[in-house]
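So this block is run18.txt, compact mmCIF, C-alpha atoms and all ligand atoms:
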# COMPACT_ATOMS: atom_id res chain seq x y z
CA MET A 1 85.82 83.17 110.57
CA THR A 2 82.19 82.84 111.70
CA THR A 3 79.25 85.19 112.06
CA ASP A 4 79.62 84.75 115.85
CA ARG A 5 83.19 85.95 115.68
CA LEU A 6 82.14 88.99 113.63
CA THR A 7 79.40 89.80 116.13
CA GLN A 8 81.88 89.49 119.02
CA ALA A 9 84.34 91.78 117.22
CA ARG A 10 81.59 94.36 116.70
CA GLU A 11 80.58 94.10 120.36
CA LYS A 12 84.13 94.75 121.52
CA LEU A 13 84.46 97.82 119.30
CA LYS A 14 81.01 99.09 120.27
CA ARG A 15 82.16 99.38 123.88
CA LEU A 16 84.63 102.08 122.79
CA GLY A 17 81.75 104.31 121.71
CA LYS A 18 81.58 106.47 118.59
CA ILE A 19 79.45 109.12 116.97
CA SER A 20 78.01 108.79 113.48
CA LEU A 21 79.74 110.95 110.87
CA GLY A 22 79.77 108.79 107.74
CA PHE A 23 77.53 106.56 105.65
CA TYR A 24 78.29 102.92 106.32
CA PRO A 25 78.68 100.29 105.01
CA THR A 26 80.59 101.96 102.22
CA PRO A 27 79.79 100.71 98.69
CA PHE A 28 81.56 97.50 97.65
CA HIS A 29 81.54 96.49 94.02
CA LYS A 30 83.43 94.57 91.36
CA LEU A 31 85.77 96.14 88.81
CA GLU A 32 84.57 94.01 85.92
CA ARG A 33 86.87 95.20 83.17
CA ILE A 34 90.15 95.01 85.08
CA SER A 35 89.09 91.63 86.53
CA GLU A 36 88.57 90.27 83.04
CA GLU A 37 91.84 91.70 81.72
CA PHE A 38 93.93 90.08 84.49
CA GLY A 39 91.95 86.87 85.22
CA ILE A 40 91.19 87.82 88.84
CA ASN A 41 88.16 89.00 90.82
CA LEU A 42 88.98 92.59 91.65
CA TRP A 43 86.62 94.41 94.02
CA ILE A 44 86.76 97.91 95.41
CA LYS A 45 85.57 99.21 98.77
CA ARG A 46 84.64 102.85 98.45
CA GLU A 47 85.88 104.70 101.52
CA ASP A 48 85.93 107.69 99.18
CA PHE A 49 82.13 107.66 99.63
CA SER A 50 82.28 107.61 103.44
CA GLY A 51 81.66 111.19 104.33
CA ALA A 52 78.90 113.61 104.95
CA SER A 53 80.42 115.88 102.31
CA LEU A 54 81.28 115.08 98.72
CA PHE A 55 84.91 114.75 99.81
CA GLY A 56 84.94 111.75 102.12
CA GLY A 57 87.76 109.31 102.62
CA ASN A 58 89.37 107.03 105.13
CA LYS A 59 89.63 109.54 107.97
CA ILE A 60 85.91 109.66 108.67
CA ARG A 61 85.93 106.21 110.34
CA LYS A 62 88.75 107.32 112.62
CA LEU A 63 87.00 110.59 113.41
CA GLU A 64 83.81 108.83 114.51
CA TYR A 65 85.79 107.35 117.42
CA LEU A 66 88.02 110.37 118.05
CA LEU A 67 85.34 113.03 118.14
CA LYS A 68 83.19 110.90 120.44
CA GLU A 69 85.99 111.23 122.97
CA ALA A 70 86.28 114.97 122.24
CA ARG A 71 82.56 115.41 122.84
CA ASP A 72 82.64 113.33 126.04
CA GLN A 73 85.48 115.52 127.32
CA GLY A 74 83.41 118.65 126.62
CA CYS A 75 85.88 120.00 124.04
CA ASP A 76 84.89 122.98 121.89
CA THR A 77 88.10 123.19 119.82
CA VAL A 78 89.97 120.60 117.75
CA PHE A 79 93.67 120.94 116.93
CA THR A 80 95.12 118.87 114.12
CA TYR A 81 98.22 118.73 111.96
CA GLY A 82 99.25 117.72 108.45
CA ALA A 83 100.50 118.93 105.09
CA THR A 84 98.78 121.93 103.51
CA GLN A 85 96.93 119.52 101.19
CA SER A 86 96.15 116.98 103.91
CA ASN A 87 92.93 114.99 103.44
CA HIS A 88 92.96 114.12 107.11
CA VAL A 89 92.98 117.79 108.07
CA MET A 90 90.13 118.70 105.72
CA GLN A 91 87.99 115.75 106.88
CA THR A 92 88.72 116.68 110.50
CA CYS A 93 87.40 120.18 109.79
CA THR A 94 84.15 118.81 108.33
CA ALA A 95 83.71 116.47 111.31
CA ALA A 96 84.55 119.19 113.86
CA ARG A 97 82.02 121.54 112.27
CA ARG A 98 79.32 118.85 112.40
CA CYS A 99 80.05 118.48 116.12
CA GLY A 100 79.92 122.23 116.71
CA MET A 101 83.66 122.45 117.39
CA ARG A 102 86.19 124.95 116.03
CA PRO A 103 89.03 123.51 113.94
CA VAL A 104 92.57 124.90 114.43
CA LEU A 105 95.12 123.66 111.90
CA TYR A 106 98.89 123.63 111.80
CA LEU A 107 100.00 122.79 108.26
CA GLY A 108 103.46 122.01 106.90
CA ALA A 109 104.00 123.58 103.49
CA ILE A 110 105.68 120.75 101.60
CA VAL A 111 104.17 122.52 98.61
CA GLU A 112 103.80 126.28 99.15
CA PRO A 113 100.21 127.45 98.61
CA ARG A 114 99.96 130.35 96.18
CA ALA A 115 98.50 133.61 97.42
CA GLY A 116 95.30 134.30 95.53
CA ASP A 117 95.03 130.74 94.19
CA VAL A 118 94.26 128.52 97.16
CA ARG A 119 93.37 125.03 95.98
CA ALA A 120 91.87 121.66 96.82
CA ASN A 121 91.90 120.68 100.52
CA LEU A 122 93.35 124.00 101.70
CA LEU A 123 90.56 125.77 99.83
CA LEU A 124 88.01 123.53 101.59
CA ASP A 125 89.68 124.20 104.98
CA ARG A 126 89.19 127.90 104.36
CA ILE A 127 85.58 127.50 103.25
CA LEU A 128 85.04 125.56 106.49
CA GLY A 129 86.37 128.59 108.35
CA ALA A 130 89.23 126.78 110.07
CA GLU A 131 91.96 128.75 111.82
CA VAL A 132 94.92 127.95 109.57
CA HIS A 133 98.60 128.29 110.55
CA ILE A 134 101.07 127.47 107.79
CA LEU A 135 104.57 126.37 108.79
CA PRO A 136 107.56 126.32 106.43
CA SER A 137 108.64 122.75 105.79
CA GLU A 138 112.27 123.43 104.71
CA GLY A 139 112.67 119.97 103.22
CA ARG A 140 111.39 118.22 106.37
CA SER A 141 108.58 115.68 106.53
CA THR A 142 105.31 116.85 108.08
CA LYS A 143 106.11 114.80 111.18
CA GLU A 144 109.50 116.51 111.56
CA THR A 145 107.96 119.97 111.04
CA MET A 146 105.37 119.26 113.72
CA LYS A 147 107.97 117.90 116.14
CA ALA A 148 110.04 121.07 115.72
CA ASN A 149 106.99 123.23 116.51
CA ALA A 150 105.53 121.21 119.40
CA GLU A 151 106.12 124.03 121.88
CA VAL A 152 104.20 126.53 119.73
CA PHE A 153 101.17 124.21 119.72
CA ALA A 154 101.41 123.61 123.46
CA ARG A 155 101.50 127.36 124.14
CA HIS A 156 98.52 127.96 121.85
CA ARG A 157 96.49 125.21 123.52
CA ALA A 158 97.41 126.48 126.99
CA GLN A 159 96.32 130.00 126.05
CA LEU A 160 92.95 128.80 124.75
CA GLU A 161 92.42 126.70 127.85
CA SER A 162 93.24 129.66 130.07
CA GLU A 163 90.43 131.51 128.24
CA GLY A 164 87.99 128.74 129.15
CA HIS A 165 88.15 126.62 125.99
CA LYS A 166 88.70 122.88 125.97
CA VAL A 167 90.97 121.54 123.23
CA TYR A 168 90.99 118.03 121.72
CA ASP A 169 94.28 117.22 120.05
CA ILE A 170 94.39 114.90 117.02
CA PRO A 171 97.87 113.91 115.82
CA ILE A 172 98.84 113.57 112.15
CA GLY A 173 96.47 111.26 110.29
CA GLY A 174 94.32 110.60 113.38
CA SER A 175 96.46 107.51 113.85
CA THR A 176 95.93 106.84 117.55
CA PRO A 177 94.54 103.56 118.92
CA ARG A 178 91.06 105.15 119.12
CA GLY A 179 91.33 106.40 115.55
CA ALA A 180 92.60 103.07 114.26
CA ALA A 181 89.63 101.35 115.92
CA GLY A 182 87.59 102.87 113.08
CA PHE A 183 89.41 100.63 110.64
CA ALA A 184 89.14 97.58 112.88
CA GLU A 185 85.43 98.18 112.41
CA GLY A 186 86.01 98.77 108.69
CA TYR A 187 87.61 95.34 108.38
CA VAL A 188 84.70 93.68 110.17
CA GLU A 189 82.29 95.56 107.87
CA LEU A 190 84.19 94.30 104.82
CA LEU A 191 84.04 90.69 106.08
CA GLU A 192 80.28 91.09 106.56
CA GLN A 193 79.92 92.34 102.99
CA LEU A 194 81.98 89.41 101.70
CA ARG A 195 79.93 86.94 103.78
CA ASP A 196 76.67 88.37 102.46
CA LYS A 197 77.92 87.84 98.90
CA GLY A 198 79.18 84.32 99.69
CA MET A 199 82.77 85.38 98.96
CA THR A 200 86.14 85.15 100.67
CA MET A 201 88.95 87.63 100.13
CA ASP A 202 92.50 86.54 99.25
CA TYR A 203 94.20 89.95 99.22
CA LEU A 204 93.36 93.39 100.58
CA TYR A 205 95.31 96.43 99.36
CA THR A 206 95.41 99.85 101.02
CA ALA A 207 97.52 103.02 100.98
CA THR A 208 99.71 103.45 104.07
CA GLY A 209 100.79 106.85 105.36
CA SER A 210 100.51 107.52 109.10
CA CYS A 211 99.75 103.78 109.56
CA GLY A 212 96.36 104.04 111.33
CA THR A 213 94.38 102.49 108.49
CA LEU A 214 96.60 99.43 108.11
CA ALA A 215 96.98 99.06 111.89
CA GLY A 216 93.20 99.22 112.31
CA LEU A 217 92.61 96.70 109.51
CA THR A 218 95.17 94.39 111.14
CA ALA A 219 93.47 94.72 114.53
CA GLY A 220 90.10 94.04 112.89
CA ARG A 221 91.44 90.99 111.12
CA ILE A 222 92.71 89.58 114.44
CA LEU A 223 89.50 90.47 116.28
CA ALA A 224 87.45 88.73 113.58
CA GLY A 225 89.74 85.68 113.48
CA ASP A 226 90.28 85.97 109.73
CA ALA A 227 93.44 84.01 109.01
CA HIS A 228 92.86 83.82 105.26
CA ALA A 229 93.43 87.21 103.62
CA VAL A 230 96.84 88.70 102.90
CA VAL A 231 96.70 92.41 103.80
CA ARG A 232 99.12 94.55 101.81
CA GLY A 233 99.99 98.15 102.69
CA MET A 234 101.31 100.28 99.87
CA ILE A 235 103.59 102.86 101.48
CA VAL A 236 103.29 106.43 100.17
CA GLY A 237 105.57 108.16 102.70
CA LYS A 238 109.28 108.62 103.24
CA LYS A 239 110.24 106.16 105.98
CA ASP A 240 111.70 102.74 105.19
CA PRO A 241 109.35 99.70 105.25
CA ALA A 242 110.99 98.21 108.38
CA THR A 243 110.08 101.34 110.41
CA TYR A 244 106.51 101.14 109.09
CA ALA A 245 106.24 97.46 110.04
CA GLY A 246 107.12 98.20 113.67
CA ASP A 247 104.81 101.23 113.78
CA VAL A 248 101.85 99.33 112.29
CA ALA A 249 102.24 96.29 114.58
CA ARG A 250 102.60 98.53 117.67
CA LEU A 251 99.52 100.59 116.81
CA ALA A 252 97.51 97.45 115.94
CA ASN A 253 98.37 96.04 119.38
CA GLU A 254 97.44 99.28 121.17
CA THR A 255 94.13 99.19 119.28
CA LEU A 256 93.53 95.55 120.27
CA MET A 257 94.25 96.37 123.92
CA LEU A 258 91.91 99.36 123.79
CA ALA A 259 89.22 96.96 122.53
CA GLY A 260 89.97 94.57 125.41
CA ALA A 261 91.71 91.94 123.26
CA GLU A 262 95.13 90.28 123.37
CA PRO A 263 97.90 92.32 121.68
CA GLN A 264 99.01 89.62 119.26
CA ALA A 265 99.80 91.56 116.05
CA THR A 266 103.26 91.15 114.54
CA PRO A 267 104.78 92.37 111.27
CA ALA A 268 103.95 88.91 109.87
CA ASP A 269 100.27 89.93 109.88
CA PHE A 270 100.64 92.21 106.86
CA GLU A 271 102.94 92.89 103.94
CA LEU A 272 104.42 96.26 103.03
CA ALA A 273 105.88 97.61 99.82
CA SER A 274 107.00 101.13 99.06
CA TYR A 275 105.28 102.93 96.18
CA THR A 276 106.16 106.46 97.27
CA GLY A 277 107.95 107.17 93.99
CA PRO A 278 110.05 110.37 94.13
CA GLY A 279 108.55 111.40 97.49
CA TYR A 280 105.47 112.30 99.51
CA GLU A 281 103.30 114.74 97.52
CA LYS A 282 105.71 114.35 94.60
CA PRO A 283 104.27 113.12 91.31
CA TYR A 284 105.10 109.53 90.39
CA HIS A 285 104.86 109.08 86.64
CA GLU A 286 103.97 105.36 86.71
CA ALA A 287 101.31 105.98 89.37
CA ASN A 288 99.82 108.76 87.25
CA ASP A 289 99.65 106.27 84.36
CA ASP A 290 97.59 103.96 86.57
CA ILE A 291 95.37 106.84 87.74
CA ARG A 292 94.54 107.33 84.04
CA TYR A 293 94.18 103.54 83.56
CA LEU A 294 91.61 103.18 86.39
CA ALA A 295 89.69 106.22 85.18
CA ARG A 296 89.64 104.93 81.58
CA THR A 297 88.70 101.31 82.39
CA GLU A 298 86.27 101.81 85.28
CA GLY A 299 85.47 105.54 85.44
CA ILE A 300 86.89 105.88 88.97
CA PHE A 301 89.20 108.65 90.21
CA THR A 302 92.11 108.18 92.59
CA ASP A 303 94.60 110.81 93.74
CA PRO A 304 98.28 111.43 93.06
CA VAL A 305 99.40 111.36 96.75
CA TYR A 306 97.67 108.29 98.28
CA SER A 307 95.05 106.20 96.53
CA GLY A 308 96.61 106.52 93.05
CA LYS A 309 100.03 105.40 94.30
CA ALA A 310 98.40 102.53 96.23
CA PHE A 311 96.38 101.50 93.19
CA HIS A 312 99.55 101.60 91.12
CA GLY A 313 101.31 99.42 93.74
CA MET A 314 98.52 96.87 93.53
CA MET A 315 98.53 96.86 89.72
CA ASP A 316 102.31 96.52 89.68
CA GLN A 317 102.08 93.45 91.94
CA ILE A 318 99.25 91.99 89.83
CA ARG A 319 101.29 92.53 86.64
CA LYS A 320 104.34 90.93 88.30
CA GLY A 321 102.33 87.79 89.19
CA MET A 322 102.29 88.49 92.94
CA VAL A 323 98.55 87.79 93.00
CA ARG A 324 97.31 84.24 92.30
CA PRO A 325 95.27 83.87 89.09
CA GLY A 326 91.55 83.57 89.85
CA SER A 327 91.91 85.03 93.35
CA THR A 328 89.70 87.68 94.95
CA VAL A 329 91.47 90.98 95.48
CA VAL A 330 89.98 94.00 97.27
CA PHE A 331 91.27 97.52 96.79
CA LEU A 332 90.38 99.86 99.65
CA HIS A 333 89.77 103.20 97.98
CA THR A 334 90.80 105.57 100.75
CA GLY A 335 89.66 108.74 98.95
CA GLY A 336 91.75 111.86 98.42
CA ALA A 337 90.69 112.73 94.86
CA THR A 338 90.53 116.41 95.85
CA ALA A 339 94.33 116.37 95.33
CA LEU A 340 93.62 116.11 91.58
CA PHE A 341 92.78 119.82 91.88
CA SER A 342 95.84 120.81 93.92
CA GLU A 343 99.07 122.54 92.87
CA PRO A 344 100.86 121.39 89.68
CA GLU A 345 103.83 120.26 91.84
CA ILE A 346 101.50 117.57 93.25
CA VAL A 347 99.43 116.73 90.17
CA GLY A 348 102.45 116.47 87.87
CA ASP A 349 101.91 115.11 84.37
CA LEU A 350 98.20 114.50 84.97
CA SER A 351 97.69 118.15 84.17
CA SER A 352 100.81 119.01 82.19
CA ASP A 353 101.15 116.07 79.78
CA MET A 354 98.65 116.44 76.95
CA ALA A 355 100.39 113.91 74.70
CA GLY A 356 97.90 111.56 73.10
CA TYR A 357 95.03 114.02 73.41
CA PRO A 358 94.69 115.62 69.99
CA GLN A 359 90.98 116.11 70.73
CA ASN A 360 92.03 118.65 73.34
CA ASP A 361 93.73 120.79 70.76
CA ILE A 362 91.38 123.70 70.18
CA LYS A 363 92.42 124.01 66.53
CA THR A 364 91.36 120.44 65.69
CA ALA A 365 88.24 120.29 67.89
CA PRO A 366 84.99 119.81 65.97
CA PRO A 367 82.65 122.81 65.88
CA SER A 368 80.35 122.87 68.88
CA ASP A 369 77.16 122.26 66.83
CA SER A 370 78.42 118.78 65.89
CA PHE A 371 77.87 117.54 69.48
C1 LIG A 401 93.47 109.50 100.77
C2 LIG A 401 94.28 108.83 101.81
N1 LIG A 401 94.56 107.53 101.68
C3 LIG A 401 95.31 106.88 102.58
C4 LIG A 401 95.84 107.52 103.67
C5 LIG A 401 96.72 106.76 104.59
O1 LIG A 401 96.06 106.39 105.75
P1 LIG A 401 96.88 106.26 107.10
O2 LIG A 401 97.44 107.62 107.38
O3 LIG A 401 95.89 105.82 108.08
O4 LIG A 401 97.98 105.28 106.87
C6 LIG A 401 95.58 108.89 103.86
C7 LIG A 401 96.15 109.61 105.00
O5 LIG A 401 96.12 110.79 105.12
C8 LIG A 401 94.79 109.56 102.89
O6 LIG A 401 94.51 110.87 103.01

Is it possible to express this structure as structure tokens?
Amino acid sequence: MTTDRLTQAREKLKRLGKISLGFYPTPFHKLERISEEFGINLWIKREDFSGASLFGGNKIRKLEYLLKEARDQGCDTVFTYGATQSNHVMQTCTAARRCGMRPVLYLGAIVEPRAGDVRANLLLDRILGAEVHILPSEGRSTKETMKANAEVFARHRAQLESEGHKVYDIPIGGSTPRGAAGFAEGYVELLEQLRDKGMTMDYLYTATGSCGTLAGLTAGRILAGDAHAVVRGMIVGKKDPATYAGDVARLANETLMLAGAEPQATPADFELASYTGPGYEKPYHEANDDIRYLARTEGIFTDPVYSGKAFHGMMDQIRKGMVRPGSTVVFLHTGGATALFSEPEIVGDLSSDMAGYPQNDIKTAPPSDSF
């Protein structure tokens, strides 16, 4: 991969047009202590620092492309969909507000919010003044809940449009070809950072949910002609890996076509492994152990729904020898740490298991004047 190829990839993506919502390039730094422990070069790319608010994450790159289209179409209202604790939804609200648009949310209650104790992303959605509609999930995935309610959304949009509003519709996760283009750009940005440090990357790890991030990275890798890195998506949702592989390759190809390039992505362009644990938004004990491990070795927070499970997947593969000794590994931190402050059903033993923390026992704590 050459600088020319990176410039050409950027040119192609630039033609799609975007607005600026985040701070890029996102920070990219080495995790010294884990690298030393495992005999690898482990780096982290901080998409958690992408946003205009404290609570950024991977959706901001997608929204730069999506809301450009919304603005060009003269939209004043943005509809989007997700779980009640969706990061995508919350980031869409921040982006819509910055563009002077009104966010309307349809949220599937995989975990029921508690009246009088609204938490984490749902709390932020409310502070942002979004119009929030909560739908019972009844054991269905968010996608299934949204499919079952498609007519309700269509009626609502039609009513607003009959009143003179213009609605821009963003599907779950912002994972359309335009949204995924944000991560094609993210991949090019990462290659530029590696080039500037005189490094090459052997493995890239990311969380995979609605597939737009991995599809965009795959499109970016093809646009940039980077044949070297192995890109690994750590699945955090319910579907089986074969379904994800088809979805990611299809979306990567739609993204490539949108950027005026050949649709040449196949499932051989990335690897997938499931680290969902007991389920989406369900605590995964081993992943929570690795959330604590990352915090205690490097002082970095990940979340129990996405980035913590993905980090755990990467560590599991490193521990199992699926990463060559001495190689350069990049973990894409996709954000989401707000979920650390969500309902106990999501946070699990991170909040309930105090074993090994005698210092947290009030009776044995030193008197305050000894600090
Ligand atoms: C924190 C976080 N990481 C990763 C993902 C997965 O990204 P994608 O839906 O593009 O696969 C999401 C999606 O909502 C997320 O919120």

Residues within 7 Å of ligand LIG 401 (chain A), counting all atoms listed in the file, as a list in words:
Gly57, Asn58, Ser86, Asn87, His88, Gly173, Ser175, Ala207, Thr208, Gly209, Ser210, Cys211, Gly212, Thr213, Leu214, Tyr306, Ser307, Thr334, Gly335 and Gly336 of chain A

Would you mind telling me which residue in A:Ala273, A:Leu123, A:Ile346, A:Val152 lies nearest to Ala310 of chain A when using all atoms listed in the file?
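Going through A:Ala273, A:Leu123, A:Ile346, A:Val152 one by one, the smallest distance to Ala310 of chain A is for A:Ala273.
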
Quick one, how far is atom CA of Arg114 of chain A from atom CA of Ala130 of chain A?
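Taking atom CA of Arg114 of chain A as the start and atom CA of Ala130 of chain A as the end point, the length is 17.9 Å.
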
Proximity to Phe79 of chain A - best of A:Arg98, A:Lys238, A:Arg126, A:Arg157, only C-alpha atoms
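Closest to Phe79 of chain A of all the choices is A:Arg157.
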
Using all atoms listed in the file for the distances, tell me which of A:Leu66, A:Ile60, A:Val236, A:Ala184 is nearest to Thr255 of chain A.
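Smallest distance to Thr255 of chain A is found for A:Ala184.
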
Could you check how far atom CA of Asp76 of chain A sits from atom CA of Ala150 of chain A, in Å to one decimal?
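A separation of 20.9 Å between them.
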
Spatial neighbours of Leu67 of chain A, max dist 9 Å, only C-alpha atoms, sep filter under 3 positions, as a ChimeraX atom specification
/A:18-19,62-64,70-72,78,95-96,99,168

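Minimum atom-to-atom distances from A:His133, A:Arg250, A:Lys309, A:Arg232 to Leu272 of chain A were compared using only C-alpha atoms, and the lowest value belongs to A:Arg232.
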
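When all atoms listed in the file are used to compute distances to Thr77 of chain A, the closest of the residues A:Glu151, A:Pro27, A:Val167, A:Gly39 turns out to be A:Val167.
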
Show which residues sit within 12 Å of Lys147 of chain A, as an NGL selection string. Count all atoms listed in the file, and ignore same-chain residues fewer than 3 positions away.
:A and (81-82 or 106 or 108 or 135 or 137 or 140-144 or 150-154 or 171-172)

What is the atom CA of Ser351 of chain A-atom CA of Gly233 of chain A distance in Å, reported with one decimal?
27.4 Å

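At a cut-off of 7 Å from (104.8, 96.0, 116.0), the residue set is Ala245, Gly246, Asp247, Val248, Ala249, Arg250, Ala265, Thr266 and Pro267 of chain A (counting only C-alpha atoms).
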
Taking (91.1, 99.4, 109.3) in the file's own coordinates, collect the residues within 10 Å, counting only C-alpha atoms, and hand them back as a VMD selection string.
chain A and resid 58 61 to 62 179 to 190 206 211 to 221 252 332

Taking only C-alpha atoms into account, which of A:Glu36, A:Asp349, A:Glu131, A:Asp169 comes nearest Pro103 of chain A?
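Closest residue, counting only C-alpha atoms: A:Glu131.
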
Residues at most 9 Å from Val111 of chain A, counting only C-alpha atoms, excluding those fewer than 6 positions away in the same chain, as a list of chain:residue names?
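Selected residues are A:Ala83, A:Thr84, A:Gln85, A:Ser137, A:Glu281, A:Glu343, A:Glu345, A:Ile346.
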
Nearby residues (all atoms listed in the file) at most 10 Å from Asp316 of chain A, same-chain spacing under 5 positions excluded, as a PyMOL selection string
chain A and resi 275+286-287+290+310-311+321-322
